[in-house]
>>> print(open('run-v4.txt').read())   # compact mmCIF, C-alpha atoms
# COMPACT_ATOMS: atom_id res chain seq x y z
CA MET A 171 32.36 -32.48 10.46
CA LYS A 172 28.80 -33.66 10.20
CA LEU A 173 26.64 -30.67 10.92
CA ALA A 174 22.89 -30.33 11.26
CA VAL A 175 21.58 -26.79 11.02
CA PHE A 176 18.13 -25.90 12.32
CA VAL A 177 16.53 -23.09 10.34
CA SER A 178 13.58 -21.62 12.22
CA ASP A 179 12.97 -18.38 10.32
CA TYR A 180 11.77 -17.69 6.83
CA LYS A 181 13.72 -14.52 6.18
CA ILE A 182 17.29 -15.02 7.14
CA THR A 183 19.07 -11.72 7.42
CA VAL A 184 22.47 -13.07 8.35
CA ASP A 185 24.74 -14.92 6.00
CA THR A 186 25.96 -17.38 8.61
CA LEU A 187 24.49 -20.32 6.81
CA ASP A 188 26.25 -19.28 3.60
CA ARG A 189 29.56 -19.40 5.43
CA LEU A 190 29.05 -22.76 7.05
CA SER A 191 30.54 -25.74 5.35
CA ALA A 192 30.72 -29.35 6.40
CA GLU A 193 31.62 -32.72 5.01
CA LYS A 194 27.99 -33.62 5.52
CA MET A 195 25.36 -30.99 6.15
CA GLY A 196 21.75 -31.39 7.06
CA ILE A 197 19.36 -28.46 7.04
CA ILE A 198 16.32 -29.02 9.20
CA PHE A 199 13.46 -26.61 8.68
CA VAL A 200 11.45 -26.03 11.86
CA GLY A 201 9.03 -23.33 12.99
CA ASN A 202 8.62 -20.69 10.31
CA GLY A 203 11.66 -22.17 8.58
CA VAL A 204 9.28 -24.69 7.01
CA TYR A 205 8.16 -22.00 4.57
CA HIS A 206 11.50 -22.53 2.78
CA ALA A 207 10.19 -25.97 1.88
CA SER A 208 6.65 -25.01 1.05
CA ILE A 209 6.46 -21.71 -0.80
CA LYS A 210 8.12 -20.33 -3.89
CA GLU A 211 8.46 -16.58 -3.62
CA ASN A 212 8.00 -15.08 -7.10
CA GLY A 213 8.09 -18.62 -8.46
CA LYS A 214 11.60 -19.26 -7.17
CA PRO A 215 12.50 -21.87 -4.57
CA SER A 216 14.38 -20.79 -1.44
CA PHE A 217 17.99 -19.76 -1.96
CA LEU A 218 18.88 -22.29 0.73
CA PHE A 219 18.52 -25.03 -1.84
CA ASP A 220 21.73 -23.72 -3.43
CA LYS A 221 23.54 -25.33 -0.51
CA SER A 222 24.82 -28.83 -0.89
CA ALA A 223 22.92 -30.45 1.96
CA HIS A 224 20.28 -32.91 2.99
CA PHE A 225 17.02 -31.10 3.65
CA TYR A 226 14.37 -31.98 6.19
CA ALA A 227 11.21 -30.23 7.38
CA LEU A 228 9.38 -30.92 10.60
CA LYS A 229 6.01 -32.42 9.70
CA GLU A 230 4.30 -31.05 12.81
CA ASP A 231 5.33 -27.49 11.97
CA LEU A 232 4.18 -27.85 8.37
CA GLU A 233 0.75 -29.10 9.45
CA THR A 234 0.46 -26.42 12.13
CA ARG A 235 0.71 -23.86 9.32
CA GLY A 236 -1.82 -25.56 7.06
CA VAL A 237 0.80 -27.04 4.76
CA ASP A 238 0.36 -30.57 3.44
CA PRO A 239 3.73 -32.36 3.93
CA SER A 240 3.17 -34.32 0.73
CA GLY A 241 3.21 -31.10 -1.30
CA ILE A 242 6.55 -29.64 -0.23
CA ASP A 243 9.67 -29.27 -2.38
CA SER A 244 10.79 -32.69 -3.56
CA ARG A 245 14.30 -32.10 -2.20
CA VAL A 246 12.94 -31.95 1.33
CA LYS A 247 12.01 -34.93 3.44
CA ALA A 248 9.16 -34.37 5.92
CA VAL A 249 10.20 -35.74 9.28
CA THR A 250 8.57 -36.16 12.67
CA TYR A 251 10.04 -35.14 16.02
CA GLY A 252 11.14 -38.75 16.47
CA ASP A 253 12.96 -38.68 13.14
CA VAL A 254 14.73 -35.46 14.15
CA VAL A 255 15.95 -37.14 17.33
CA ASP A 256 17.27 -40.02 15.23
CA LEU A 257 19.04 -37.58 12.88
CA ILE A 258 20.67 -35.84 15.83
CA MET A 259 21.74 -39.05 17.51
CA ASN A 260 22.78 -41.04 14.45
CA ASP A 261 23.60 -38.83 11.51
CA TYR A 262 25.14 -35.57 12.72
CA GLU A 263 27.88 -34.80 15.20
CA LYS A 264 27.19 -31.13 15.72
CA LEU A 265 24.16 -28.90 15.72
CA ALA A 266 23.56 -25.25 14.97
CA TRP A 267 20.37 -23.26 15.43
CA LEU A 268 19.91 -20.25 13.17
CA MET B 60 -20.69 11.69 16.37
CA ALA B 61 -17.79 10.31 14.44
CA ASP B 62 -17.05 6.82 13.31
CA ILE B 63 -13.44 6.02 14.03
CA LYS B 64 -11.87 3.68 11.52
CA LEU B 65 -9.01 1.48 12.62
CA ALA B 66 -6.88 -0.53 10.21
CA PHE B 67 -4.97 -3.45 11.71
CA ILE B 68 -2.20 -4.43 9.32
CA VAL B 69 -0.64 -7.86 9.77
CA GLN B 70 2.71 -8.23 8.04
CA ARG B 71 4.37 -10.94 10.13
CA LEU B 72 4.39 -14.73 9.83
CA PRO B 73 2.26 -16.79 12.20
CA TYR B 74 3.44 -18.60 15.35
CA LYS B 75 6.98 -17.24 15.73
CA SER B 76 5.45 -14.48 17.81
CA GLU B 77 1.99 -13.66 19.11
CA ASN B 78 1.84 -10.55 16.94
CA PRO B 79 -0.56 -11.74 14.24
CA LYS B 80 -2.96 -13.19 16.82
CA LEU B 81 -2.81 -9.99 18.83
CA ALA B 82 -3.87 -8.02 15.77
CA ALA B 83 -7.02 -10.13 15.51
CA THR B 84 -7.82 -10.03 19.23
CA HIS B 85 -7.24 -6.29 19.39
CA ALA B 86 -9.44 -5.77 16.36
CA MET B 87 -12.19 -7.90 17.88
CA ALA B 88 -12.01 -5.89 21.08
CA TYR B 89 -13.79 -3.07 19.26
CA GLN B 90 -17.01 -4.75 20.33
CA THR B 91 -16.21 -4.33 23.99
CA VAL B 92 -15.15 -0.69 24.08
CA GLU B 93 -18.64 0.78 23.80
CA ILE B 94 -18.59 1.79 27.45
CA LEU B 95 -15.65 4.05 26.74
CA LEU B 96 -17.28 5.79 23.81
CA GLU B 97 -19.47 8.83 23.76
CA ASP B 98 -23.05 8.57 22.53
CA GLY B 99 -23.20 7.99 18.80
CA GLN B 100 -19.50 7.34 18.51
CA THR B 101 -18.59 4.11 16.76
CA ILE B 102 -15.47 2.12 15.98
CA THR B 103 -15.04 0.29 12.70
CA PRO B 104 -12.03 -1.99 12.49
CA ALA B 105 -10.59 -3.60 9.39
CA LEU B 106 -8.04 -6.40 9.45
CA CYS B 107 -5.60 -6.48 6.54
CA TYR B 108 -3.03 -9.16 5.79
CA ILE B 109 -0.12 -8.11 3.61
CA GLY B 110 3.38 -9.39 2.80
CA GLU B 111 4.33 -12.51 4.74
CA GLY B 112 1.27 -11.85 6.87
CA VAL B 113 -0.91 -13.50 4.22
CA LEU B 114 0.48 -16.85 5.38
CA ASN B 115 -1.60 -16.45 8.54
CA CYS B 116 -4.72 -16.97 6.45
CA VAL B 117 -4.00 -20.45 5.08
CA LYS B 118 -6.69 -22.93 6.08
CA ASP B 119 -6.39 -26.33 7.80
CA GLN B 120 -3.88 -25.15 10.39
CA LYS B 121 -3.49 -27.95 12.92
CA ALA B 122 -1.97 -25.96 15.78
CA MET B 123 -4.57 -27.18 18.27
CA ASP B 124 -4.10 -30.85 17.33
CA ILE B 125 -0.32 -30.71 17.41
CA TYR B 126 0.66 -28.07 19.95
CA GLY B 127 -2.59 -27.54 21.82
CA ILE B 128 -2.71 -23.85 20.98
CA THR B 129 -5.39 -21.88 19.21
CA SER B 130 -4.47 -21.50 15.57
CA THR B 131 -4.01 -18.17 13.88
CA GLU B 132 -6.70 -19.44 11.51
CA MET B 133 -9.23 -19.48 14.36
CA HIS B 134 -8.46 -15.86 15.21
CA PHE B 135 -8.85 -14.96 11.57
CA LYS B 136 -12.19 -16.78 11.35
CA SER B 137 -13.46 -15.23 14.57
CA CYS B 138 -13.01 -11.80 13.03
CA LEU B 139 -15.23 -12.82 10.11
CA LEU B 140 -17.74 -14.21 12.57
CA VAL B 141 -18.14 -10.78 14.17
CA ASP B 142 -18.70 -9.25 10.72
CA MET B 143 -15.37 -7.50 10.52
CA ASP B 144 -13.92 -6.55 7.16
CA VAL B 145 -10.95 -8.84 6.57
CA TYR B 146 -8.71 -8.21 3.59
CA VAL B 147 -5.97 -10.42 2.21
CA CYS B 148 -3.53 -9.03 -0.34
CA LYS B 149 -3.98 -10.84 -3.63
CA ASP B 150 -0.60 -9.64 -4.93
CA ASP B 151 1.21 -11.20 -1.98
CA LEU B 152 -0.70 -14.48 -2.30
CA GLU B 153 0.44 -14.65 -5.90
CA LYS B 154 3.99 -13.76 -4.89
CA PHE B 155 4.09 -16.75 -2.54
CA GLY B 156 2.29 -19.03 -5.00
CA ILE B 157 -0.73 -19.53 -2.74
CA SER B 158 -4.02 -20.10 -4.52
CA GLU B 159 -7.13 -18.35 -3.24
CA ASP B 160 -8.82 -21.67 -2.45
CA ARG B 161 -6.21 -22.23 0.29
CA ILE B 162 -7.45 -19.19 2.21
CA ALA B 163 -9.68 -19.89 5.20
CA ASP B 164 -13.23 -18.68 5.53
CA ALA B 165 -15.64 -18.95 8.44
CA GLU B 166 -18.60 -20.42 6.63
CA ASP B 167 -18.36 -23.56 8.80
CA MET B 168 -18.80 -21.34 11.87
CA GLY B 169 -21.87 -19.72 10.39
CA ALA B 170 -20.28 -16.43 9.39
CA ASP B 171 -22.00 -14.39 6.72
CA LYS B 172 -18.96 -12.25 6.15
CA LYS B 173 -16.49 -13.39 3.52
CA VAL B 174 -12.80 -12.73 3.41
CA GLN B 175 -11.93 -10.16 0.75
CA ILE B 176 -8.95 -11.06 -1.40
CA VAL B 177 -7.99 -7.79 -3.03
CA PRO B 178 -5.06 -6.09 -4.78
CA PHE B 179 -2.76 -4.03 -2.58
CA GLU B 180 -4.30 -0.83 -3.97
CA ALA B 181 -7.57 -1.73 -2.24
CA ILE B 182 -5.77 -2.25 1.05
CA GLN B 183 -4.01 1.05 0.50
CA LYS B 184 -7.44 2.68 0.24
CA VAL B 185 -8.49 1.09 3.54
CA MET B 186 -5.34 2.55 5.09
CA ASN B 187 -6.01 5.95 3.54
CA THR B 188 -9.51 6.14 4.97
CA ALA B 189 -8.51 4.83 8.42
CA ASN B 190 -8.07 7.26 11.29
CA HIS B 191 -5.43 5.06 12.85
CA LEU B 192 -3.07 2.42 11.49
CA LEU B 193 -1.84 -0.36 13.74
CA PHE B 194 0.95 -2.56 12.40
CA PHE B 195 1.55 -6.05 13.70
>>> encode(input="run-v4.txt", output="structure tokens")
Amino acid sequence: MKLAVFVSDYKITVDTLDRLSAEKMGIIFVGNGVYHASIKENGKPSFLFDKSAHFYALKEDLETRGVDPSGIDSRVKAVTYGDVVDLIMNDYEKLAWL
Amino acid sequence: MADIKLAFIVQRLPYKSENPKLAATHAMAYQTVEILLEDGQTITPALCYIGEGVLNCVKDQKAMDIYGITSTEMHFKSCLLVDMDVYVCKDDLEKFGISEDRIADAEDMGADKKVQIVPFEAIQKVMNTANHLLFF
């Protein structure tokens, strides 16, 4: 399965994402989820980067929060709304919103 | 007559909910409650950002450009503009790797008041001296 997971919170209190596995996984940070891509709590990157996945962060939500998309974690690609639509339509078969 | 000190403590991230903005608007409302006070009675609010709440204070938020909504930054700056004491927890900024130069101020709006980036102990003192604590 090709699964895209939208992560819209910074603190994730459920381990659902840990349990999800897919042949190809994309993690798309939106809303406050973009903090996973932009801050290092106590110097450590988000635990979500332990997942084997492609990472994306919505550029509009980064900029809304005063975060420069060019300064986010190098593993994350900043994408626009249009890019997210393309990912959904072309790259992933299923979607999950956490 | 007594001065009533209110401490508004913001501990939540911006935008997911209206909570952080409400803290600022509630705090600013102190200027409009005079009619409800007795002679000589005053209200002194303080706005404190701790934990994840410090992320509300990052400058250059483009919420108006992108989503057409007032940014949390504007609320934060408006509080400085009305000479409110605004504190940001230095420990939590360090925890999230945010440098102090990324914190907004309201100099561009003509505010004399500066944001106070202080250790948590200083915010604890504000809470200790407050008559009421309001968590957002």
>>> interface_residues(input="run-v4.txt", of="chain B", to="chain A", cutoff="9 Å", atoms="all atoms listed in the file", output="PyMOL selection string")
chain B and resi 72-75+114-115+117-126+130-132+153-157+161
>>> atom_distance(input="run-v4.txt", atom1="atom CA of Phe176 of chain A", atom2="atom CA of Asn260 of chain A")
16.0 Å
>>> closest_residue(input="run-v4.txt", among="B:Asp160, B:Gln100, B:Val69, B:Tyr89", to="Tyr146 of chain B", atoms="all atoms listed in the file")
B:Val69
>>> closest_residue(input="run-v4.txt", among="A:Leu265, A:Val175, A:Phe225, A:Thr250", to="Asp188 of chain A", atoms="only C-alpha atoms")
A:Val175
>>> atom_distance(input="run-v4.txt", atom1="atom CA of Ala207 of chain A", atom2="atom CA of Ile182 of chain B")
28.6 Å
>>> atom_distance(input="run-v4.txt", atom1="atom CA of Ala192 of chain A", atom2="atom CA of Tyr226 of chain A")
16.6 Å
>>> closest_residue(input="run-v4.txt", among="A:Lys264, A:Phe219, A:Val177, A:Pro239", to="Ile198 of chain A", atoms="all atoms listed in the file")
A:Val177
>>> closest_residue(input="run-v4.txt", among="A:Lys194, A:Arg189, A:His224, A:Lys172", to="Val246 of chain A", atoms="only C-alpha atoms")
A:His224
>>> closest_residue(input="run-v4.txt", among="B:Lys172, B:Lys184, B:Lys64, B:His191", to="Cys138 of chain B", atoms="all atoms listed in the file")
B:Lys172
>>> closest_residue(input="run-v4.txt", among="A:Leu218, A:Thr186, A:Val204, A:Gly196", to="Glu263 of chain A", atoms="all atoms listed in the file")
A:Gly196
>>> residues_near_point(input="run-v4.txt", point="(-13.1, -10.5, 0.4)", cutoff="8 Å", atoms="only C-alpha atoms", output="CSV table (one decimal) with C-alpha atoms, in the frame of the given file")
chain,number,residue,atom,x,y,z
B,144,ASP,CA,-13.9,-6.6,7.2
B,145,VAL,CA,-11.0,-8.8,6.6
B,146,TYR,CA,-8.7,-8.2,3.6
B,147,VAL,CA,-6.0,-10.4,2.2
B,173,LYS,CA,-16.5,-13.4,3.5
B,174,VAL,CA,-12.8,-12.7,3.4
B,175,GLN,CA,-11.9,-10.2,0.8
B,176,ILE,CA,-9.0,-11.1,-1.4
B,177,VAL,CA,-8.0,-7.8,-3.0
>>> axis_aligned_box(input="run-v4.txt", around="segment 176-193 of chain B", padding_each_side="8 Å", output="AutoDock Vina command-line options")
--center_x -5.7 --center_y -1.9 --center_z 4.5 --size_x 23.7 --size_y 34.3 --size_z 34.5
>>> residues_around(input="run-v4.txt", residues="Ala83 of chain B", least_positions_apart="4", cutoff="7 Å", atoms="all atoms listed in the file", output="PyMOL selection string")
chain B and resi 79+87+134-135+138
